[in-house]
Amino acid sequence: MVHDRSLAPCPVTDWSNERRKECLRSTRLGHRWRRFGRARRGLAWLALLAVPVSILGGQYWIHDVAPERDRLAHTRPHLHPIFDAADPADRATAVVSMVGLGNLDATDTAVALPALAALGQVWAVQYDNTGLDTAVISRMIVDHAEQAGVERVVLTGHSMGGIIALEVAGHVVADPDLDLLAVILDCTPVDLHAVRADKRDAGEDLLRWVGWVPGARESRTLRLVVETAARKDRYVVPHPHGFPTVDPGGLVDAVTEVLEDKIFAPDVASTGLIESQFEAIVASGALDDLGALASRRGDSRGPAVVFVRPGRGTDDDVVDVDYSQRVLFERVGGSRGSLLVVRLVGTGHADPIQQPQAYNAAVATKIVPFVDRLAERDTRPVQASGR
């Protein structure tokens with residue numbers, strides 16, 4: 001064996017941390033850069049880090065955002081016929097149902113309320129899944145009414161759908177060929193103050209996420225994360241003396257439910273539609289719409305308002321129905337107003353599908369007679385006033 005005698009032995013005591021750092025500095029990226037060396041090295045590292053980020057971002061856009069954006073671009077609003085009038089003599093009247101936040105199609109809700117057929121035909125609105133346009137919805141209703149020979153309309157909105165119904169009413173009431181008899185509001189928040197604080201905060205968080213993250217309106221991945229996080233009470237187990245733990249079985253169940261109900265279901269409301277629905281609450285013109293409807297009550301053809309709510313305000317954990325009722329009474333109630341308040345026993349927030357018996361009984365015994373009186377009032381010939 002031949003030894004290189006030019007290299008002196010290097011005992012452990014000769015180790016120097018400063019010499020190690022100097023060796024690293026002399027071999028690092030851009031070690032020969034003297035002018036703006038630190039800034040140039042920082043930019044070089046950022047460029048290297050941008051490569052994997054760009055690859056992941058491209059895959060996210062191509063496989064997640066773009067297909068959903070293309071699918072949503074082909075959605076349109078629809079008006080589904082649900083029931084024919086129970087009495088053929090009432091076929092000139094139509095009841096149009098609209099649903100609230102996080103819902104796309106009012107068909108299931110309308111199917112749960114067959115008692116509405118005592119008023120006339122029953123139709124259900126399916127929103128455009130890209131967002132809301134009440135002018136388009138009202139035009140669709142007016143056109144369909146003309147084709148079906150309908151002369152009178154009752155609009156009904158469940159939860160936030162009542163805000164949409166009021167906006168649609170503002171358009172429909174201006175049509176001289178269509179008589180708007182009434183607007184039925186089921187647990188509707190008349191403004192943002194009527195929404196319970198925790199639900200309002202959740203909606204505002206959604207708006208922030210949608211505003212910050214590119215493609216958030218169409219991304220199913222982000223929808224999965226947000227919806228799973230919203231169900232954290234099912235899998236996060238609090239610990240009184242330490243950090244909370246995660247129940248794997250509960251997490252799997254929550255993710256499975258989100259995938260089935262919110263991601264792969266063909267009729268689920270998109271994130272963009274939910275954003276549009278919540279913005280309708282935030283920028284609600286419901287109070288203005290109520291004022292516009294009330295101003296027409298000097299004319300005998302002015303529409304009335306029906307407010308459906310739980311018997312106890314605390315039974316509604318989404319909307320402060322007591323607050324909404326007070327506002328409605330101030331705007332359209334009183335001795336000269338046309339406001340009917342219907343209190344239901346054993347119901348919660350806008351749940352005709354969960355409590356069909358209570359809802360149908362209230363429709364049959366209270367709402368139908370009230371609307372029938374409105375129809376009789378409007379068909380009664382007007383007496384000419386003598387001079």
# chains A, B, ... in the order shown; residues from 1 in each chain; ligands from 1
>>> residues_around(residues="region 168-185 of chain A", least_positions_apart="2", cutoff="8 Å", atoms="only C-alpha atoms", output="NGL selection string")
:A and (134-135 or 137-139 or 142 or 150-159 or 162 or 164-166 or 187-188 or 289 or 292-293 or 301-308 or 371 or 374-375)
>>> write_last_selection(atoms="N, CA and C atoms", output="short mmCIF file (atom, residue, chain, number, x, y, z; two decimals), in the first residue's frame")
data_model
loop_
_atom_site.label_atom_id
_atom_site.label_comp_id
_atom_site.auth_asym_id
_atom_site.auth_seq_id
_atom_site.Cartn_x
_atom_site.Cartn_y
_atom_site.Cartn_z
N THR A 134 -81.97 36.51 -10.78
CA THR A 134 -83.41 36.52 -10.53
C THR A 134 -84.20 37.06 -11.72
N ALA A 135 -83.58 37.89 -12.53
CA ALA A 135 -84.27 38.38 -13.72
C ALA A 135 -84.53 37.23 -14.69
N ILE A 137 -84.76 34.01 -13.80
CA ILE A 137 -85.75 33.13 -13.17
C ILE A 137 -87.16 33.70 -13.36
N SER A 138 -87.33 34.99 -13.12
CA SER A 138 -88.66 35.59 -13.26
C SER A 138 -89.15 35.53 -14.70
N ARG A 139 -88.24 35.75 -15.67
CA ARG A 139 -88.63 35.66 -17.07
C ARG A 139 -89.06 34.24 -17.42
N VAL A 142 -92.58 33.75 -16.01
CA VAL A 142 -93.58 34.48 -16.80
C VAL A 142 -93.83 33.77 -18.13
N VAL A 150 -101.57 30.24 -17.30
CA VAL A 150 -101.64 30.63 -15.89
C VAL A 150 -101.79 32.13 -15.78
N GLU A 151 -102.72 32.57 -14.94
CA GLU A 151 -102.98 34.00 -14.77
C GLU A 151 -102.56 34.52 -13.40
N ARG A 152 -102.47 33.60 -12.42
CA ARG A 152 -102.13 34.00 -11.05
C ARG A 152 -100.98 33.13 -10.54
N VAL A 153 -100.09 33.76 -9.76
CA VAL A 153 -98.90 33.06 -9.26
C VAL A 153 -98.76 33.29 -7.76
N VAL A 154 -98.34 32.23 -7.06
CA VAL A 154 -97.93 32.31 -5.66
C VAL A 154 -96.47 31.85 -5.62
N LEU A 155 -95.59 32.69 -5.12
CA LEU A 155 -94.18 32.33 -5.00
C LEU A 155 -93.91 31.87 -3.57
N THR A 156 -93.19 30.77 -3.43
CA THR A 156 -92.82 30.29 -2.10
C THR A 156 -91.33 30.02 -2.04
N GLY A 157 -90.69 30.52 -0.99
CA GLY A 157 -89.25 30.36 -0.83
C GLY A 157 -88.92 29.81 0.54
N HIS A 158 -88.10 28.77 0.57
CA HIS A 158 -87.72 28.13 1.82
C HIS A 158 -86.35 28.63 2.24
N SER A 159 -86.24 29.13 3.48
CA SER A 159 -85.01 29.69 4.03
C SER A 159 -84.54 30.85 3.13
N GLY A 162 -86.48 32.35 0.21
CA GLY A 162 -87.45 33.43 0.34
C GLY A 162 -86.90 34.76 -0.15
N ILE A 164 -84.73 35.04 -2.60
CA ILE A 164 -84.81 34.92 -4.04
C ILE A 164 -86.25 35.12 -4.50
N ALA A 165 -87.21 34.55 -3.76
CA ALA A 165 -88.62 34.70 -4.12
C ALA A 165 -89.05 36.17 -4.09
N LEU A 166 -88.55 36.93 -3.11
CA LEU A 166 -88.90 38.34 -3.03
C LEU A 166 -88.30 39.13 -4.20
N CYS A 187 -89.24 30.45 7.07
CA CYS A 187 -88.03 30.67 7.89
C CYS A 187 -86.99 31.50 7.13
N THR A 188 -87.44 32.55 6.49
CA THR A 188 -86.55 33.37 5.66
C THR A 188 -85.87 34.46 6.47
N ASP A 289 -87.48 45.06 -1.46
CA ASP A 289 -88.51 44.32 -2.19
C ASP A 289 -89.82 44.31 -1.42
N ALA A 292 -91.40 47.64 -1.85
CA ALA A 292 -92.01 47.80 -3.17
C ALA A 292 -93.34 47.06 -3.25
N LEU A 293 -93.40 45.86 -2.66
CA LEU A 293 -94.66 45.12 -2.67
C LEU A 293 -95.71 45.83 -1.81
N ARG A 301 -104.91 44.73 -6.05
CA ARG A 301 -104.21 43.58 -6.59
C ARG A 301 -102.84 43.39 -5.95
N GLY A 302 -102.52 44.13 -4.89
CA GLY A 302 -101.21 43.99 -4.25
C GLY A 302 -101.03 42.62 -3.61
N PRO A 303 -99.83 42.02 -3.72
CA PRO A 303 -99.59 40.68 -3.16
C PRO A 303 -99.47 40.72 -1.64
N ALA A 304 -99.82 39.61 -1.00
CA ALA A 304 -99.69 39.46 0.44
C ALA A 304 -98.43 38.66 0.75
N VAL A 305 -98.10 38.57 2.05
CA VAL A 305 -96.93 37.82 2.50
C VAL A 305 -97.37 36.82 3.56
N VAL A 306 -96.93 35.57 3.42
CA VAL A 306 -97.17 34.53 4.43
C VAL A 306 -95.82 34.15 5.01
N PHE A 307 -95.69 34.21 6.33
CA PHE A 307 -94.43 33.86 6.99
C PHE A 307 -94.64 32.58 7.80
N VAL A 308 -93.96 31.51 7.39
CA VAL A 308 -94.04 30.22 8.07
C VAL A 308 -92.81 30.06 8.95
N VAL A 371 -105.02 32.36 0.82
CA VAL A 371 -104.76 32.70 -0.58
C VAL A 371 -106.05 32.67 -1.39
N LEU A 374 -107.62 35.89 -1.15
CA LEU A 374 -106.93 36.87 -1.99
C LEU A 374 -107.42 36.75 -3.44
N ALA A 375 -107.55 35.50 -3.92
CA ALA A 375 -108.00 35.28 -5.30
C ALA A 375 -109.42 35.78 -5.49
#
>>> select_by_dssp(residues="region 157-356 of chain A", states="strand (DSSP E)", output="PyMOL selection string")
chain A and resi 157-158+179-186+236-237+245-246+304-310+339-344
>>> residues_around(residues="Gly346 (chain A)", least_positions_apart="4", cutoff="9 Å", atoms="only C-alpha atoms", output="CSV table (one decimal) with all heavy atoms, in the first residue's frame")
chain,number,residue,atom,x,y,z
A,310,PRO,N,-91.2,28.1,13.0
A,310,PRO,CA,-91.5,27.2,14.1
A,310,PRO,C,-92.3,28.0,15.2
A,310,PRO,O,-92.2,29.2,15.3
A,310,PRO,CB,-90.1,26.8,14.6
A,310,PRO,CG,-89.2,27.1,13.5
A,310,PRO,CD,-89.8,28.3,12.8
A,311,GLY,N,-93.0,27.2,16.1
A,311,GLY,CA,-93.7,27.9,17.1
A,311,GLY,C,-92.8,28.6,18.1
A,311,GLY,O,-93.1,29.8,18.5
A,312,ARG,N,-91.7,28.1,18.4
A,312,ARG,CA,-90.7,28.7,19.3
A,312,ARG,C,-89.5,29.1,18.4
A,312,ARG,O,-88.9,28.4,17.6
A,312,ARG,CB,-90.2,27.8,20.4
A,312,ARG,CG,-91.3,27.3,21.4
A,312,ARG,CD,-90.7,26.5,22.4
A,312,ARG,NE,-90.0,25.3,21.8
A,312,ARG,CZ,-89.3,24.4,22.6
A,312,ARG,NH1,-89.2,24.5,23.9
A,312,ARG,NH2,-88.8,23.3,22.0
A,315,ASP,N,-86.2,27.1,18.2
A,315,ASP,CA,-86.2,25.8,17.5
A,315,ASP,C,-85.6,25.9,16.1
A,315,ASP,O,-85.2,24.9,15.5
A,315,ASP,CB,-87.6,25.3,17.3
A,315,ASP,CG,-88.2,24.7,18.6
A,315,ASP,OD1,-87.4,24.5,19.5
A,315,ASP,OD2,-89.5,24.6,18.7
A,355,GLN,N,-90.6,17.3,8.0
A,355,GLN,CA,-91.8,17.4,8.8
A,355,GLN,C,-93.0,17.6,7.8
A,355,GLN,O,-93.7,18.7,7.9
A,355,GLN,CB,-91.7,18.5,9.8
A,355,GLN,CG,-90.7,18.4,10.8
A,355,GLN,CD,-91.0,17.2,11.8
A,355,GLN,OE1,-92.1,16.8,11.9
A,355,GLN,NE2,-90.0,16.7,12.5
A,358,ALA,N,-96.7,18.3,9.4
A,358,ALA,CA,-97.0,19.6,10.0
A,358,ALA,C,-97.2,20.7,8.9
A,358,ALA,O,-98.0,21.5,8.9
A,358,ALA,CB,-95.9,20.0,10.9
>>> select_by_dssp(residues="region 147-373 of chain A", states="alpha helix (DSSP H)", output="VMD selection string")
chain A and resid 147 to 148 161 to 172 197 to 212 220 to 230 248 to 258 271 to 282 286 to 295 321 to 332 356 to 362 368 to 373
>>> closest_residue(among="A:Val125, A:Leu132, A:Ile62, A:Leu104", to="Ala280 (chain A)", atoms="only C-alpha atoms")
A:Leu132
>>> residues_around(residues="Glu227 (chain A)", least_positions_apart="3", cutoff="12 Å", atoms="only C-alpha atoms", output="list of chain:residue names")
A:Gly102, A:Ala202, A:Leu206, A:Arg220, A:Thr221, A:Leu222, A:Arg223, A:Leu224, A:Ala230, A:Arg231, A:Lys232, A:Asp233, A:Leu251, A:Ala254, A:Val255, A:Thr256, A:Glu257, A:Val258, A:Leu259, A:Glu260, A:Asp261, A:Lys262, A:Ile263, A:Thr271
>>> write_last_selection(atoms="C-alpha atoms", output="short mmCIF file (atom, residue, chain, number, x, y, z; two decimals), in the first residue's frame")
data_model
loop_
_atom_site.label_atom_id
_atom_site.label_comp_id
_atom_site.auth_asym_id
_atom_site.auth_seq_id
_atom_site.Cartn_x
_atom_site.Cartn_y
_atom_site.Cartn_z
CA GLY A 102 -76.64 25.02 -0.55
CA ALA A 202 -69.32 30.04 8.14
CA LEU A 206 -66.57 30.60 2.44
CA ARG A 220 -63.87 19.63 -5.91
CA THR A 221 -60.69 19.07 -3.89
CA LEU A 222 -61.16 22.28 -1.93
CA ARG A 223 -64.88 21.50 -1.56
CA LEU A 224 -63.93 18.13 -0.03
CA ALA A 230 -67.29 21.60 8.65
CA ARG A 231 -68.07 18.11 10.04
CA LYS A 232 -65.16 18.08 12.49
CA ASP A 233 -67.49 17.51 15.43
CA LEU A 251 -63.22 10.77 9.79
CA ALA A 254 -67.43 12.16 7.24
CA VAL A 255 -65.27 11.97 4.10
CA THR A 256 -67.53 9.27 2.62
CA GLU A 257 -70.62 11.38 3.25
CA VAL A 258 -69.04 14.44 1.63
CA LEU A 259 -67.94 12.44 -1.41
CA GLU A 260 -71.41 10.93 -1.89
CA ASP A 261 -73.53 14.00 -1.11
CA LYS A 262 -71.35 16.97 -2.12
CA ILE A 263 -68.79 15.82 -4.68
CA THR A 271 -69.46 26.25 -4.60
#
>>> closest_residue(among="A:Pro356, A:Pro189, A:Gly120, A:Pro77", to="Met140 (chain A)", atoms="only C-alpha atoms")
A:Pro77
>>> residues_around(residues="Ala89 (chain A)", least_positions_apart="4", cutoff="12 Å", atoms="only C-alpha atoms", output="compact mmCIF listing (two decimals) with N, CA and C atoms, in the first residue's frame")
# COMPACT_ATOMS: atom_id res chain seq x y z
N ASP A 84 -100.27 18.76 -10.79
CA ASP A 84 -101.34 19.49 -11.45
C ASP A 84 -102.29 19.99 -10.36
N ALA A 85 -103.12 20.93 -10.70
CA ALA A 85 -104.07 21.46 -9.73
C ALA A 85 -105.04 20.37 -9.28
N THR A 93 -103.92 29.05 -11.73
CA THR A 93 -103.03 29.49 -10.65
C THR A 93 -101.85 28.53 -10.57
N ALA A 94 -100.66 29.08 -10.33
CA ALA A 94 -99.46 28.25 -10.17
C ALA A 94 -98.71 28.66 -8.90
N ALA A 117 -101.23 21.76 -4.05
CA ALA A 117 -102.02 21.55 -5.26
C ALA A 117 -103.45 22.03 -5.10
N ALA A 118 -103.88 22.26 -3.85
CA ALA A 118 -105.22 22.82 -3.63
C ALA A 118 -105.30 24.27 -4.10
N LEU A 119 -104.14 24.91 -4.30
CA LEU A 119 -104.11 26.28 -4.82
C LEU A 119 -104.06 26.30 -6.34
N GLY A 120 -103.41 25.32 -6.93
CA GLY A 120 -103.27 25.28 -8.39
C GLY A 120 -102.12 24.37 -8.78
N GLN A 121 -101.57 24.60 -9.95
CA GLN A 121 -100.41 23.83 -10.38
C GLN A 121 -99.21 24.14 -9.48
N VAL A 150 -101.57 30.24 -17.30
CA VAL A 150 -101.64 30.63 -15.89
C VAL A 150 -101.79 32.13 -15.78
>>> residues_around(residues="Gly313 (chain A)", least_positions_apart="2", cutoff="12 Å", atoms="only C-alpha atoms", output="list in words")
Cys187, Ala194, Arg196, Val308, Arg309, Pro310, Gly311, Asp315, Asp316, Asp317, Val318, Val319, Asp320, Val321, Asp322, Tyr323, Ser324, Gln325, Arg326, Arg343, Leu344, Val345, Gly346, Thr347, Gly348 and His349 of chain A
>>> atom_distance(atom1="CA of Pro52 (chain A)", atom2="CA of Gly215 (chain A)")
18.8 Å
>>> atom_distance(atom1="CA of Ala148 (chain A)", atom2="CA of Ala92 (chain A)")
8.1 Å
>>> decode(residues="region 205-220 of chain A", atoms="all heavy atoms", output="PDB file, in the first residue's frame")
ATOM      1  N   ASP A 205     -66.601  32.926   5.927  1.00  0.00           N
ATOM      2  CA  ASP A 205     -65.365  32.168   5.683  1.00  0.00           C
ATOM      3  C   ASP A 205     -65.346  31.617   4.264  1.00  0.00           C
ATOM      4  O   ASP A 205     -64.307  31.619   3.593  1.00  0.00           O
ATOM      5  CB  ASP A 205     -65.232  31.018   6.691  1.00  0.00           C
ATOM      6  CG  ASP A 205     -64.928  31.503   8.099  1.00  0.00           C
ATOM      7  OD1 ASP A 205     -64.480  32.664   8.238  1.00  0.00           O
ATOM      8  OD2 ASP A 205     -65.153  30.736   9.054  1.00  0.00           O
ATOM      9  N   LEU A 206     -66.495  31.121   3.802  1.00  0.00           N
ATOM     10  CA  LEU A 206     -66.573  30.602   2.437  1.00  0.00           C
ATOM     11  C   LEU A 206     -66.241  31.687   1.424  1.00  0.00           C
ATOM     12  O   LEU A 206     -65.478  31.461   0.473  1.00  0.00           O
ATOM     13  CB  LEU A 206     -67.969  30.047   2.170  1.00  0.00           C
ATOM     14  CG  LEU A 206     -68.264  29.642   0.718  1.00  0.00           C
ATOM     15  CD1 LEU A 206     -67.449  28.428   0.328  1.00  0.00           C
ATOM     16  CD2 LEU A 206     -69.749  29.370   0.517  1.00  0.00           C
ATOM     17  N   LEU A 207     -66.775  32.893   1.614  1.00  0.00           N
ATOM     18  CA  LEU A 207     -66.502  33.982   0.680  1.00  0.00           C
ATOM     19  C   LEU A 207     -65.017  34.326   0.662  1.00  0.00           C
ATOM     20  O   LEU A 207     -64.456  34.630  -0.394  1.00  0.00           O
ATOM     21  CB  LEU A 207     -67.320  35.220   1.063  1.00  0.00           C
ATOM     22  CG  LEU A 207     -68.834  35.129   0.875  1.00  0.00           C
ATOM     23  CD1 LEU A 207     -69.473  36.481   1.164  1.00  0.00           C
ATOM     24  CD2 LEU A 207     -69.204  34.665  -0.517  1.00  0.00           C
ATOM     25  N   ARG A 208     -64.376  34.291   1.834  1.00  0.00           N
ATOM     26  CA  ARG A 208     -62.939  34.586   1.875  1.00  0.00           C
ATOM     27  C   ARG A 208     -62.142  33.542   1.104  1.00  0.00           C
ATOM     28  O   ARG A 208     -61.245  33.876   0.325  1.00  0.00           O
ATOM     29  CB  ARG A 208     -62.468  34.665   3.327  1.00  0.00           C
ATOM     30  CG  ARG A 208     -62.751  35.998   3.996  1.00  0.00           C
ATOM     31  CD  ARG A 208     -62.002  36.126   5.301  1.00  0.00           C
ATOM     32  NE  ARG A 208     -62.565  35.269   6.316  1.00  0.00           N
ATOM     33  CZ  ARG A 208     -63.534  35.629   7.145  1.00  0.00           C
ATOM     34  NH1 ARG A 208     -64.058  36.833   7.055  1.00  0.00           N
ATOM     35  NH2 ARG A 208     -63.991  34.791   8.052  1.00  0.00           N
ATOM     36  N   TRP A 209     -62.459  32.249   1.330  1.00  0.00           N
ATOM     37  CA  TRP A 209     -61.734  31.193   0.620  1.00  0.00           C
ATOM     38  C   TRP A 209     -61.923  31.296  -0.884  1.00  0.00           C
ATOM     39  O   TRP A 209     -60.972  31.157  -1.655  1.00  0.00           O
ATOM     40  CB  TRP A 209     -62.209  29.821   1.110  1.00  0.00           C
ATOM     41  CG  TRP A 209     -61.507  29.356   2.341  1.00  0.00           C
ATOM     42  CD1 TRP A 209     -61.971  29.393   3.627  1.00  0.00           C
ATOM     43  CD2 TRP A 209     -60.189  28.802   2.419  1.00  0.00           C
ATOM     44  NE1 TRP A 209     -61.030  28.896   4.493  1.00  0.00           N
ATOM     45  CE2 TRP A 209     -59.919  28.519   3.774  1.00  0.00           C
ATOM     46  CE3 TRP A 209     -59.203  28.517   1.471  1.00  0.00           C
ATOM     47  CZ2 TRP A 209     -58.731  27.965   4.211  1.00  0.00           C
ATOM     48  CZ3 TRP A 209     -58.015  27.970   1.893  1.00  0.00           C
ATOM     49  CH2 TRP A 209     -57.790  27.696   3.250  1.00  0.00           C
ATOM     50  N   VAL A 210     -63.140  31.545  -1.293  1.00  0.00           N
ATOM     51  CA  VAL A 210     -63.424  31.654  -2.723  1.00  0.00           C
ATOM     52  C   VAL A 210     -62.693  32.839  -3.321  1.00  0.00           C
ATOM     53  O   VAL A 210     -62.241  32.798  -4.472  1.00  0.00           O
ATOM     54  CB  VAL A 210     -64.942  31.756  -2.952  1.00  0.00           C
ATOM     55  CG1 VAL A 210     -65.256  32.124  -4.395  1.00  0.00           C
ATOM     56  CG2 VAL A 210     -65.615  30.438  -2.608  1.00  0.00           C
ATOM     57  N   GLY A 211     -62.554  33.913  -2.561  1.00  0.00           N
ATOM     58  CA  GLY A 211     -61.867  35.087  -3.069  1.00  0.00           C
ATOM     59  C   GLY A 211     -60.357  34.939  -3.131  1.00  0.00           C
ATOM     60  O   GLY A 211     -59.704  35.554  -3.967  1.00  0.00           O
ATOM     61  N   TRP A 212     -59.794  34.114  -2.235  1.00  0.00           N
ATOM     62  CA  TRP A 212     -58.334  34.002  -2.163  1.00  0.00           C
ATOM     63  C   TRP A 212     -57.753  32.920  -3.070  1.00  0.00           C
ATOM     64  O   TRP A 212     -56.674  33.097  -3.641  1.00  0.00           O
ATOM     65  CB  TRP A 212     -57.914  33.685  -0.723  1.00  0.00           C
ATOM     66  CG  TRP A 212     -58.133  34.805   0.242  1.00  0.00           C
ATOM     67  CD1 TRP A 212     -58.375  36.121  -0.052  1.00  0.00           C
ATOM     68  CD2 TRP A 212     -58.158  34.709   1.668  1.00  0.00           C
ATOM     69  NE1 TRP A 212     -58.553  36.852   1.094  1.00  0.00           N
ATOM     70  CE2 TRP A 212     -58.419  36.013   2.169  1.00  0.00           C
ATOM     71  CE3 TRP A 212     -57.983  33.664   2.573  1.00  0.00           C
ATOM     72  CZ2 TRP A 212     -58.500  36.282   3.526  1.00  0.00           C
ATOM     73  CZ3 TRP A 212     -58.066  33.939   3.920  1.00  0.00           C
ATOM     74  CH2 TRP A 212     -58.323  35.234   4.392  1.00  0.00           C
ATOM     75  N   VAL A 213     -58.414  31.784  -3.185  1.00  0.00           N
ATOM     76  CA  VAL A 213     -57.824  30.619  -3.856  1.00  0.00           C
ATOM     77  C   VAL A 213     -58.296  30.550  -5.307  1.00  0.00           C
ATOM     78  O   VAL A 213     -59.500  30.493  -5.563  1.00  0.00           O
ATOM     79  CB  VAL A 213     -58.212  29.319  -3.119  1.00  0.00           C
ATOM     80  CG1 VAL A 213     -57.580  28.111  -3.805  1.00  0.00           C
ATOM     81  CG2 VAL A 213     -57.797  29.394  -1.658  1.00  0.00           C
ATOM     82  N   PRO A 214     -57.374  30.555  -6.270  1.00  0.00           N
ATOM     83  CA  PRO A 214     -57.771  30.440  -7.680  1.00  0.00           C
ATOM     84  C   PRO A 214     -58.508  29.128  -7.942  1.00  0.00           C
ATOM     85  O   PRO A 214     -58.094  28.063  -7.492  1.00  0.00           O
ATOM     86  CB  PRO A 214     -56.423  30.472  -8.424  1.00  0.00           C
ATOM     87  CG  PRO A 214     -55.458  31.114  -7.481  1.00  0.00           C
ATOM     88  CD  PRO A 214     -55.911  30.716  -6.115  1.00  0.00           C
ATOM     89  N   GLY A 215     -59.615  29.230  -8.670  1.00  0.00           N
ATOM     90  CA  GLY A 215     -60.378  28.039  -9.018  1.00  0.00           C
ATOM     91  C   GLY A 215     -61.229  27.481  -7.898  1.00  0.00           C
ATOM     92  O   GLY A 215     -61.807  26.398  -8.043  1.00  0.00           O
ATOM     93  N   ALA A 216     -61.349  28.218  -6.766  1.00  0.00           N
ATOM     94  CA  ALA A 216     -62.081  27.683  -5.609  1.00  0.00           C
ATOM     95  C   ALA A 216     -63.554  27.457  -5.920  1.00  0.00           C
ATOM     96  O   ALA A 216     -64.193  26.588  -5.328  1.00  0.00           O
ATOM     97  CB  ALA A 216     -61.938  28.626  -4.420  1.00  0.00           C
ATOM     98  N   ARG A 217     -64.120  28.222  -6.852  1.00  0.00           N
ATOM     99  CA  ARG A 217     -65.538  28.061  -7.177  1.00  0.00           C
ATOM    100  C   ARG A 217     -65.821  26.718  -7.844  1.00  0.00           C
ATOM    101  O   ARG A 217     -66.933  26.214  -7.784  1.00  0.00           O
ATOM    102  CB  ARG A 217     -66.009  29.200  -8.094  1.00  0.00           C
ATOM    103  CG  ARG A 217     -66.063  30.548  -7.412  1.00  0.00           C
ATOM    104  CD  ARG A 217     -66.395  31.647  -8.394  1.00  0.00           C
ATOM    105  NE  ARG A 217     -66.433  32.943  -7.748  1.00  0.00           N
ATOM    106  CZ  ARG A 217     -65.361  33.692  -7.506  1.00  0.00           C
ATOM    107  NH1 ARG A 217     -64.167  33.250  -7.880  1.00  0.00           N
ATOM    108  NH2 ARG A 217     -65.472  34.855  -6.891  1.00  0.00           N
ATOM    109  N   GLU A 218     -64.823  26.156  -8.518  1.00  0.00           N
ATOM    110  CA  GLU A 218     -65.033  24.909  -9.244  1.00  0.00           C
ATOM    111  C   GLU A 218     -64.301  23.723  -8.633  1.00  0.00           C
ATOM    112  O   GLU A 218     -64.591  22.582  -8.987  1.00  0.00           O
ATOM    113  CB  GLU A 218     -64.560  25.067 -10.705  1.00  0.00           C
ATOM    114  CG  GLU A 218     -65.303  26.125 -11.494  1.00  0.00           C
ATOM    115  CD  GLU A 218     -64.708  27.514 -11.326  1.00  0.00           C
ATOM    116  OE1 GLU A 218     -63.608  27.618 -10.729  1.00  0.00           O
ATOM    117  OE2 GLU A 218     -65.347  28.494 -11.762  1.00  0.00           O
ATOM    118  N   SER A 219     -63.346  23.956  -7.744  1.00  0.00           N
ATOM    119  CA  SER A 219     -62.488  22.885  -7.250  1.00  0.00           C
ATOM    120  C   SER A 219     -63.247  21.914  -6.349  1.00  0.00           C
ATOM    121  O   SER A 219     -63.787  22.292  -5.315  1.00  0.00           O
ATOM    122  CB  SER A 219     -61.302  23.459  -6.475  1.00  0.00           C
ATOM    123  OG  SER A 219     -60.561  22.418  -5.868  1.00  0.00           O
ATOM    124  N   ARG A 220     -63.259  20.659  -6.743  1.00  0.00           N
ATOM    125  CA  ARG A 220     -63.873  19.634  -5.911  1.00  0.00           C
ATOM    126  C   ARG A 220     -62.947  19.231  -4.764  1.00  0.00           C
ATOM    127  O   ARG A 220     -63.412  18.805  -3.707  1.00  0.00           O
ATOM    128  CB  ARG A 220     -64.222  18.426  -6.766  1.00  0.00           C
ATOM    129  CG  ARG A 220     -65.392  18.676  -7.719  1.00  0.00           C
ATOM    130  CD  ARG A 220     -65.520  17.613  -8.769  1.00  0.00           C
ATOM    131  NE  ARG A 220     -64.404  17.650  -9.707  1.00  0.00           N
ATOM    132  CZ  ARG A 220     -64.262  16.813 -10.722  1.00  0.00           C
ATOM    133  NH1 ARG A 220     -65.170  15.873 -10.923  1.00  0.00           N
ATOM    134  NH2 ARG A 220     -63.237  16.904 -11.534  1.00  0.00           N
TER     135      ARG A 220
END
